[in-house]
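A.B. asks: The structure is given below, and queries will be raised subsequently.
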Amino acid sequence: MTRRDGNETVKLDMLKLAFLAGGLMAVAAIAAAWLLMSPARTVALAAKVERARASLAAKSLRIAGSEVAYLEGGAGEVLLLLHGSSGEKDNWNRVARHLTPHLRVIALDLPGFGGSHRPAKTAYGLWDQIAHIRAFAAALGLQRFHLGGHSFGGRLAAMYAARFPGQVRSLWVVAPGGGLGSCGPVW
């Protein structure tokens with residue numbers, strides 16, 4: 001058995017503390033470097049975590065030869081969500097976690113956005129996007145559904161509801177706006 005006086009014990013405790021602090025700083029430095037060196041991986045990881053919390057699964061299907069990405073989760077009446085012009089399907093993850101216990105939530109990546117393909121010979125105007133949304137709904141067998149959108153997606157949702165009122169049970173628009181030119185007459 002070794003006996004230490006008070007000064008040696010304090011020195012040993014300080015040394016342990018210094019090693020612990022150095023280790024924590026090293027872990028923090030590695031984490032910071034990983035975040036700075038790989039922001040795309042960090043964003044992808046965050047989206048994956050948020051999807052899991054929202055009970056959403058990433059899916060895709062082919063429409064007119066193009067891959068269309070979307071998220072889906074929950075059960076019940078369908079709520080189809082449309083993102084804004086600088087967004088993508090994962091923009092809905094945080095709100096979707098409050099919706100999936102009550103609804104079947106589908107968050108679409110509009111053609112040319114997020115995980116959906118952007119074919120060179122496809123038109124992307126407002127009415128073209130409406131046609132893409134209608135084809136997507138048909139491909140999933142959606143006949144009547146709730147429709148929501150944010151920004152550009154809100155504008156598309158309102159236009160879709162005005163053009164196809166028999167398909168839309170309710171409309172939820174959040175800060176509607178954005179766009180690719182004039183929408184012209186709705187009828």
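Identifiers for the structure tokens are assigned positionally: chains receive A, B, ... in sequence, residues are indexed from 1 per chain, and ligands are indexed from 1 in the order shown.
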What parts of stretch 1-74 of chain A does DSSP call strand (DSSP E or B)? I'd like the answer as a CSV table (one decimal) with all heavy atoms, in the first residue's frame.
C.D. replies:
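And here is the file that came out, part-v3.csv:
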chain,number,residue,atom,x,y,z
A,57,ALA,N,-40.8,7.1,-44.3
A,57,ALA,CA,-39.9,6.3,-45.1
A,57,ALA,C,-39.7,6.9,-46.5
A,57,ALA,O,-40.6,7.4,-47.1
A,57,ALA,CB,-40.5,4.9,-45.3
A,58,ALA,N,-38.4,6.9,-46.9
A,58,ALA,CA,-38.1,7.4,-48.2
A,58,ALA,C,-38.5,6.4,-49.3
A,58,ALA,O,-38.2,5.2,-49.1
A,58,ALA,CB,-36.6,7.7,-48.3
A,59,LYS,N,-39.2,6.8,-50.3
A,59,LYS,CA,-39.6,6.0,-51.4
A,59,LYS,C,-39.5,6.7,-52.7
A,59,LYS,O,-39.2,7.9,-52.7
A,59,LYS,CB,-41.1,5.6,-51.2
A,59,LYS,CG,-41.4,4.9,-49.9
A,59,LYS,CD,-42.9,4.5,-49.8
A,59,LYS,CE,-43.2,3.7,-48.6
A,59,LYS,NZ,-44.6,3.2,-48.6
A,60,SER,N,-39.6,5.9,-53.8
A,60,SER,CA,-39.6,6.5,-55.1
A,60,SER,C,-40.4,5.7,-56.0
A,60,SER,O,-40.7,4.5,-55.8
A,60,SER,CB,-38.2,6.7,-55.6
A,60,SER,OG,-37.6,5.4,-55.9
A,61,LEU,N,-40.8,6.3,-57.1
A,61,LEU,CA,-41.5,5.6,-58.2
A,61,LEU,C,-41.2,6.2,-59.5
A,61,LEU,O,-40.7,7.4,-59.6
A,61,LEU,CB,-43.0,5.5,-58.0
A,61,LEU,CG,-43.8,6.8,-57.7
A,61,LEU,CD1,-44.2,7.5,-59.0
A,61,LEU,CD2,-45.1,6.5,-56.9
A,62,ARG,N,-41.5,5.5,-60.6
A,62,ARG,CA,-41.2,6.1,-61.9
A,62,ARG,C,-42.5,6.5,-62.6
A,62,ARG,O,-43.5,5.8,-62.6
A,62,ARG,CB,-40.5,5.0,-62.8
A,62,ARG,CG,-39.1,4.7,-62.4
A,62,ARG,CD,-38.4,3.8,-63.4
A,62,ARG,NE,-37.8,4.5,-64.5
A,62,ARG,CZ,-36.8,5.4,-64.5
A,62,ARG,NH1,-36.3,5.7,-63.3
A,62,ARG,NH2,-36.4,6.0,-65.5
A,63,ILE,N,-42.4,7.8,-63.0
A,63,ILE,CA,-43.6,8.4,-63.8
A,63,ILE,C,-43.0,8.9,-65.1
A,63,ILE,O,-42.1,9.7,-65.1
A,63,ILE,CB,-44.2,9.5,-62.9
A,63,ILE,CG1,-44.8,8.9,-61.6
A,63,ILE,CG2,-45.4,10.1,-63.7
A,63,ILE,CD1,-45.4,10.0,-60.7
A,66,SER,N,-39.3,8.9,-65.5
A,66,SER,CA,-38.5,9.7,-64.5
A,66,SER,C,-38.7,9.2,-63.1
A,66,SER,O,-39.8,8.9,-62.7
A,66,SER,CB,-38.8,11.2,-64.6
A,66,SER,OG,-38.4,11.7,-65.8
A,67,GLU,N,-37.6,9.2,-62.3
A,67,GLU,CA,-37.7,8.8,-60.9
A,67,GLU,C,-38.2,10.0,-60.1
A,67,GLU,O,-37.7,11.1,-60.2
A,67,GLU,CB,-36.3,8.4,-60.4
A,67,GLU,CG,-36.3,7.6,-59.2
A,67,GLU,CD,-36.7,6.2,-59.3
A,67,GLU,OE1,-36.8,5.7,-60.5
A,67,GLU,OE2,-37.0,5.6,-58.3
A,68,VAL,N,-39.2,9.7,-59.3
A,68,VAL,CA,-39.8,10.7,-58.4
A,68,VAL,C,-39.7,10.2,-57.0
A,68,VAL,O,-40.1,9.2,-56.6
A,68,VAL,CB,-41.3,10.9,-58.8
A,68,VAL,CG1,-42.0,11.9,-57.8
A,68,VAL,CG2,-41.5,11.4,-60.2
A,69,ALA,N,-39.0,11.1,-56.2
A,69,ALA,CA,-38.8,10.7,-54.8
A,69,ALA,C,-39.9,11.3,-53.9
A,69,ALA,O,-40.4,12.4,-54.2
A,69,ALA,CB,-37.4,11.2,-54.3
A,70,TYR,N,-40.2,10.6,-52.8
A,70,TYR,CA,-41.1,11.1,-51.8
A,70,TYR,C,-40.9,10.4,-50.5
A,70,TYR,O,-40.2,9.4,-50.4
A,70,TYR,CB,-42.6,11.0,-52.3
A,70,TYR,CG,-43.1,9.6,-52.5
A,70,TYR,CD1,-43.9,8.9,-51.6
A,70,TYR,CD2,-42.7,8.8,-53.6
A,70,TYR,CE1,-44.3,7.6,-51.7
A,70,TYR,CE2,-43.2,7.5,-53.8
A,70,TYR,CZ,-44.0,6.9,-52.9
A,70,TYR,OH,-44.5,5.7,-53.0
A,71,LEU,N,-41.5,11.0,-49.5
A,71,LEU,CA,-41.6,10.4,-48.1
A,71,LEU,C,-43.0,10.0,-47.8
A,71,LEU,O,-43.9,10.7,-48.2
A,71,LEU,CB,-41.1,11.4,-47.1
A,71,LEU,CG,-39.6,11.9,-47.2
A,71,LEU,CD1,-39.4,13.0,-46.2
A,71,LEU,CD2,-38.6,10.8,-47.1
A,72,GLU,N,-43.1,8.9,-47.1
A,72,GLU,CA,-44.5,8.5,-46.7
A,72,GLU,C,-44.5,7.9,-45.3
A,72,GLU,O,-43.6,7.1,-45.0
A,72,GLU,CB,-45.0,7.5,-47.7
A,72,GLU,CG,-46.4,7.0,-47.5
A,72,GLU,CD,-47.0,6.1,-48.6
A,72,GLU,OE1,-46.2,5.8,-49.5
A,72,GLU,OE2,-48.1,5.8,-48.5
A,73,GLY,N,-45.5,8.1,-44.6
A,73,GLY,CA,-45.7,7.5,-43.2
A,73,GLY,C,-47.0,7.9,-42.6
A,73,GLY,O,-47.7,8.7,-43.1
A.B. asks: Compile the contact shell of A:Ala158 as a PDB file with N, CA and C atoms, in the first residue's frame: residues with an atom at most 12 Å away, counting only C-alpha atoms, same-chain residues fewer than 2 positions apart removed.
C.D. replies:
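What landed in part.pdb:
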ATOM      1  N   LEU A  81     -48.051  16.778 -49.299  1.00  0.00           N
ATOM      2  CA  LEU A  81     -47.348  18.023 -48.992  1.00  0.00           C
ATOM      3  C   LEU A  81     -46.390  18.404 -50.115  1.00  0.00           C
ATOM      4  N   LEU A  82     -46.412  19.693 -50.479  1.00  0.00           N
ATOM      5  CA  LEU A  82     -45.570  20.237 -51.546  1.00  0.00           C
ATOM      6  C   LEU A  82     -44.609  21.269 -50.961  1.00  0.00           C
ATOM      7  N   LEU A 126     -45.416  26.429 -63.935  1.00  0.00           N
ATOM      8  CA  LEU A 126     -46.451  26.178 -62.930  1.00  0.00           C
ATOM      9  C   LEU A 126     -47.425  25.084 -63.363  1.00  0.00           C
ATOM     10  N   TRP A 127     -47.982  25.204 -64.550  1.00  0.00           N
ATOM     11  CA  TRP A 127     -48.958  24.210 -64.993  1.00  0.00           C
ATOM     12  C   TRP A 127     -48.303  22.872 -65.272  1.00  0.00           C
ATOM     13  N   ILE A 130     -48.190  21.267 -61.941  1.00  0.00           N
ATOM     14  CA  ILE A 130     -49.536  20.786 -61.603  1.00  0.00           C
ATOM     15  C   ILE A 130     -49.783  19.439 -62.287  1.00  0.00           C
ATOM     16  N   HIS A 146     -56.123  15.483 -48.752  1.00  0.00           N
ATOM     17  CA  HIS A 146     -55.839  16.817 -48.232  1.00  0.00           C
ATOM     18  C   HIS A 146     -54.552  17.263 -48.912  1.00  0.00           C
ATOM     19  N   LEU A 147     -54.440  18.544 -49.183  1.00  0.00           N
ATOM     20  CA  LEU A 147     -53.284  19.060 -49.918  1.00  0.00           C
ATOM     21  C   LEU A 147     -52.700  20.253 -49.177  1.00  0.00           C
ATOM     22  N   GLY A 148     -51.389  20.225 -48.969  1.00  0.00           N
ATOM     23  CA  GLY A 148     -50.717  21.321 -48.284  1.00  0.00           C
ATOM     24  C   GLY A 148     -49.465  21.730 -49.018  1.00  0.00           C
ATOM     25  N   GLY A 149     -49.105  22.991 -48.878  1.00  0.00           N
ATOM     26  CA  GLY A 149     -47.887  23.464 -49.523  1.00  0.00           C
ATOM     27  C   GLY A 149     -47.341  24.698 -48.844  1.00  0.00           C
ATOM     28  N   HIS A 150     -46.038  24.869 -49.004  1.00  0.00           N
ATOM     29  CA  HIS A 150     -45.324  26.015 -48.445  1.00  0.00           C
ATOM     30  C   HIS A 150     -44.692  26.803 -49.577  1.00  0.00           C
ATOM     31  N   SER A 151     -44.794  28.123 -49.526  1.00  0.00           N
ATOM     32  CA  SER A 151     -44.175  29.014 -50.507  1.00  0.00           C
ATOM     33  C   SER A 151     -44.639  28.636 -51.913  1.00  0.00           C
ATOM     34  N   PHE A 152     -43.717  28.317 -52.796  1.00  0.00           N
ATOM     35  CA  PHE A 152     -44.056  27.889 -54.155  1.00  0.00           C
ATOM     36  C   PHE A 152     -45.001  26.686 -54.114  1.00  0.00           C
ATOM     37  N   GLY A 153     -44.762  25.764 -53.185  1.00  0.00           N
ATOM     38  CA  GLY A 153     -45.653  24.609 -53.023  1.00  0.00           C
ATOM     39  C   GLY A 153     -47.053  25.025 -52.596  1.00  0.00           C
ATOM     40  N   GLY A 154     -47.170  26.098 -51.814  1.00  0.00           N
ATOM     41  CA  GLY A 154     -48.472  26.634 -51.437  1.00  0.00           C
ATOM     42  C   GLY A 154     -49.212  27.188 -52.640  1.00  0.00           C
ATOM     43  N   ARG A 155     -48.476  27.864 -53.504  1.00  0.00           N
ATOM     44  CA  ARG A 155     -49.078  28.385 -54.731  1.00  0.00           C
ATOM     45  C   ARG A 155     -49.551  27.231 -55.606  1.00  0.00           C
ATOM     46  N   LEU A 156     -48.711  26.196 -55.746  1.00  0.00           N
ATOM     47  CA  LEU A 156     -49.100  25.038 -56.535  1.00  0.00           C
ATOM     48  C   LEU A 156     -50.320  24.345 -55.929  1.00  0.00           C
ATOM     49  N   TYR A 160     -53.785  23.792 -57.794  1.00  0.00           N
ATOM     50  CA  TYR A 160     -54.276  22.427 -57.972  1.00  0.00           C
ATOM     51  C   TYR A 160     -55.702  22.317 -57.439  1.00  0.00           C
ATOM     52  N   ALA A 161     -55.938  22.862 -56.239  1.00  0.00           N
ATOM     53  CA  ALA A 161     -57.273  22.798 -55.637  1.00  0.00           C
ATOM     54  C   ALA A 161     -58.302  23.537 -56.481  1.00  0.00           C
ATOM     55  N   ALA A 162     -57.907  24.652 -57.063  1.00  0.00           N
ATOM     56  CA  ALA A 162     -58.826  25.414 -57.911  1.00  0.00           C
ATOM     57  C   ALA A 162     -59.117  24.658 -59.214  1.00  0.00           C
ATOM     58  N   ARG A 163     -58.116  23.991 -59.732  1.00  0.00           N
ATOM     59  CA  ARG A 163     -58.260  23.266 -61.014  1.00  0.00           C
ATOM     60  C   ARG A 163     -58.965  21.925 -60.833  1.00  0.00           C
ATOM     61  N   PHE A 164     -58.712  21.242 -59.716  1.00  0.00           N
ATOM     62  CA  PHE A 164     -59.274  19.911 -59.465  1.00  0.00           C
ATOM     63  C   PHE A 164     -59.952  19.856 -58.092  1.00  0.00           C
ATOM     64  N   PRO A 165     -61.012  20.650 -57.893  1.00  0.00           N
ATOM     65  CA  PRO A 165     -61.633  20.727 -56.563  1.00  0.00           C
ATOM     66  C   PRO A 165     -62.213  19.403 -56.068  1.00  0.00           C
ATOM     67  N   VAL A 168     -59.536  17.471 -53.910  1.00  0.00           N
ATOM     68  CA  VAL A 168     -58.939  18.067 -52.709  1.00  0.00           C
ATOM     69  C   VAL A 168     -59.974  18.178 -51.594  1.00  0.00           C
ATOM     70  N   SER A 170     -59.255  19.193 -48.392  1.00  0.00           N
ATOM     71  CA  SER A 170     -58.986  20.452 -47.701  1.00  0.00           C
ATOM     72  C   SER A 170     -57.657  20.989 -48.227  1.00  0.00           C
ATOM     73  N   LEU A 171     -57.463  22.272 -48.014  1.00  0.00           N
ATOM     74  CA  LEU A 171     -56.264  22.940 -48.517  1.00  0.00           C
ATOM     75  C   LEU A 171     -55.563  23.638 -47.363  1.00  0.00           C
ATOM     76  N   TRP A 172     -54.251  23.416 -47.258  1.00  0.00           N
ATOM     77  CA  TRP A 172     -53.427  24.035 -46.221  1.00  0.00           C
ATOM     78  C   TRP A 172     -52.258  24.714 -46.917  1.00  0.00           C
ATOM     79  N   VAL A 173     -52.246  26.038 -46.911  1.00  0.00           N
ATOM     80  CA  VAL A 173     -51.146  26.769 -47.541  1.00  0.00           C
ATOM     81  C   VAL A 173     -50.411  27.577 -46.474  1.00  0.00           C
ATOM     82  N   VAL A 174     -49.093  27.468 -46.502  1.00  0.00           N
ATOM     83  CA  VAL A 174     -48.234  28.164 -45.546  1.00  0.00           C
ATOM     84  C   VAL A 174     -47.385  29.149 -46.338  1.00  0.00           C
ATOM     85  N   ALA A 175     -47.607  30.434 -46.127  1.00  0.00           N
ATOM     86  CA  ALA A 175     -46.858  31.490 -46.818  1.00  0.00           C
ATOM     87  C   ALA A 175     -46.783  31.222 -48.314  1.00  0.00           C
ATOM     88  N   PRO A 176     -47.942  31.112 -48.987  1.00  0.00           N
ATOM     89  CA  PRO A 176     -47.917  30.793 -50.422  1.00  0.00           C
ATOM     90  C   PRO A 176     -47.273  31.924 -51.226  1.00  0.00           C
ATOM     91  N   GLY A 177     -46.559  31.558 -52.228  1.00  0.00           N
ATOM     92  CA  GLY A 177     -45.911  32.538 -53.078  1.00  0.00           C
ATOM     93  C   GLY A 177     -44.953  31.855 -54.018  1.00  0.00           C
ATOM     94  N   CYS A 183     -49.419  32.470 -63.629  1.00  0.00           N
ATOM     95  CA  CYS A 183     -50.151  31.217 -63.715  1.00  0.00           C
ATOM     96  C   CYS A 183     -51.294  31.301 -64.716  1.00  0.00           C
ATOM     97  N   VAL A 186     -57.073  29.977 -64.126  1.00  0.00           N
ATOM     98  CA  VAL A 186     -57.083  28.671 -63.468  1.00  0.00           C
ATOM     99  C   VAL A 186     -58.008  27.701 -64.199  1.00  0.00           C
TER     100      VAL A 186
END
A.B. asks: List every residue of chain A that DSSP, applied to the backbone, labels as alpha helix (DSSP H), and write the result as a PyMOL selection string.
C.D. replies: chain A and resi 6-37+39-53+93-99+126-139+152-163
A.B. asks: At a cut-off of 6 Å, using only C-alpha atoms, what residues contact stretch 87-96 of chain A? Leave out same-chain residues fewer than 4 positions from it and give the result as a ChimeraX atom specification.
C.D. replies: /A:50-51,54,83,100,107-109,114
A.B. asks: The selected residues should be written to file as a short mmCIF file (atom, residue, chain, number, x, y, z; two decimals), in the first residue's frame (atoms: N, CA and C atoms).
C.D. replies:
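The resulting file, part14.cif, is shown below:
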data_model
loop_
_atom_site.label_atom_id
_atom_site.label_comp_id
_atom_site.auth_asym_id
_atom_site.auth_seq_id
_atom_site.Cartn_x
_atom_site.Cartn_y
_atom_site.Cartn_z
N GLU A 50 -34.49 13.04 -38.51
CA GLU A 50 -35.81 13.69 -38.49
C GLU A 50 -36.86 12.82 -39.16
N ARG A 51 -36.50 12.13 -40.26
CA ARG A 51 -37.44 11.22 -40.91
C ARG A 51 -37.88 10.12 -39.94
N ALA A 54 -40.27 11.29 -37.43
CA ALA A 54 -41.58 11.55 -38.04
C ALA A 54 -42.25 10.28 -38.55
N HIS A 83 -43.33 21.13 -51.26
CA HIS A 83 -42.30 22.03 -50.73
C HIS A 83 -42.19 23.31 -51.54
N THR A 100 -48.19 12.43 -38.62
CA THR A 100 -48.24 11.00 -38.93
C THR A 100 -49.04 10.16 -37.91
N ALA A 107 -44.88 13.41 -48.58
CA ALA A 107 -44.15 14.64 -48.92
C ALA A 107 -43.39 14.39 -50.23
N LEU A 108 -43.79 15.07 -51.26
CA LEU A 108 -43.28 14.87 -52.61
C LEU A 108 -42.07 15.75 -52.89
N ASP A 109 -41.07 15.19 -53.57
CA ASP A 109 -40.02 16.00 -54.18
C ASP A 109 -40.51 16.31 -55.59
N GLY A 114 -34.69 18.08 -55.07
CA GLY A 114 -34.34 17.02 -54.13
C GLY A 114 -33.90 15.74 -54.82
#
A.B. asks: Could you tell me how far atom CA of A:Gly141 lies from atom CA of A:Ser86, in Å and to one decimal?
C.D. replies: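 Between these atoms lies a distance of 27.7 Å.
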A.B. asks: Pick out the closest residue to A:Pro101 from this set: A:Arg169, A:Lys11, A:Arg41, A:Arg53. Count only C-alpha atoms.
C.D. replies: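 Smallest distance to A:Pro101 is found for A:Arg53.
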A.B. asks: Nearest to A:Gly166: which of A:Leu142, A:Ala29, A:Leu56, A:Leu103 is it, counting only C-alpha atoms?
C.D. replies: A:Leu142
A.B. asks: Check the smallest atom-to-atom distance from each of A:Ala138, A:Ala52, A:Ala120, A:Leu36 to A:Arg97 using only C-alpha atoms, then report the winner.
C.D. replies: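 Comparing A:Ala138, A:Ala52, A:Ala120, A:Leu36 against A:Arg97, the winner is A:Ala52.
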A.B. asks: Have a look at atom CA of A:Phe145 and atom CA of A:Val78 and let me know their distance in Å, one decimal.
C.D. replies: 5.1 Å
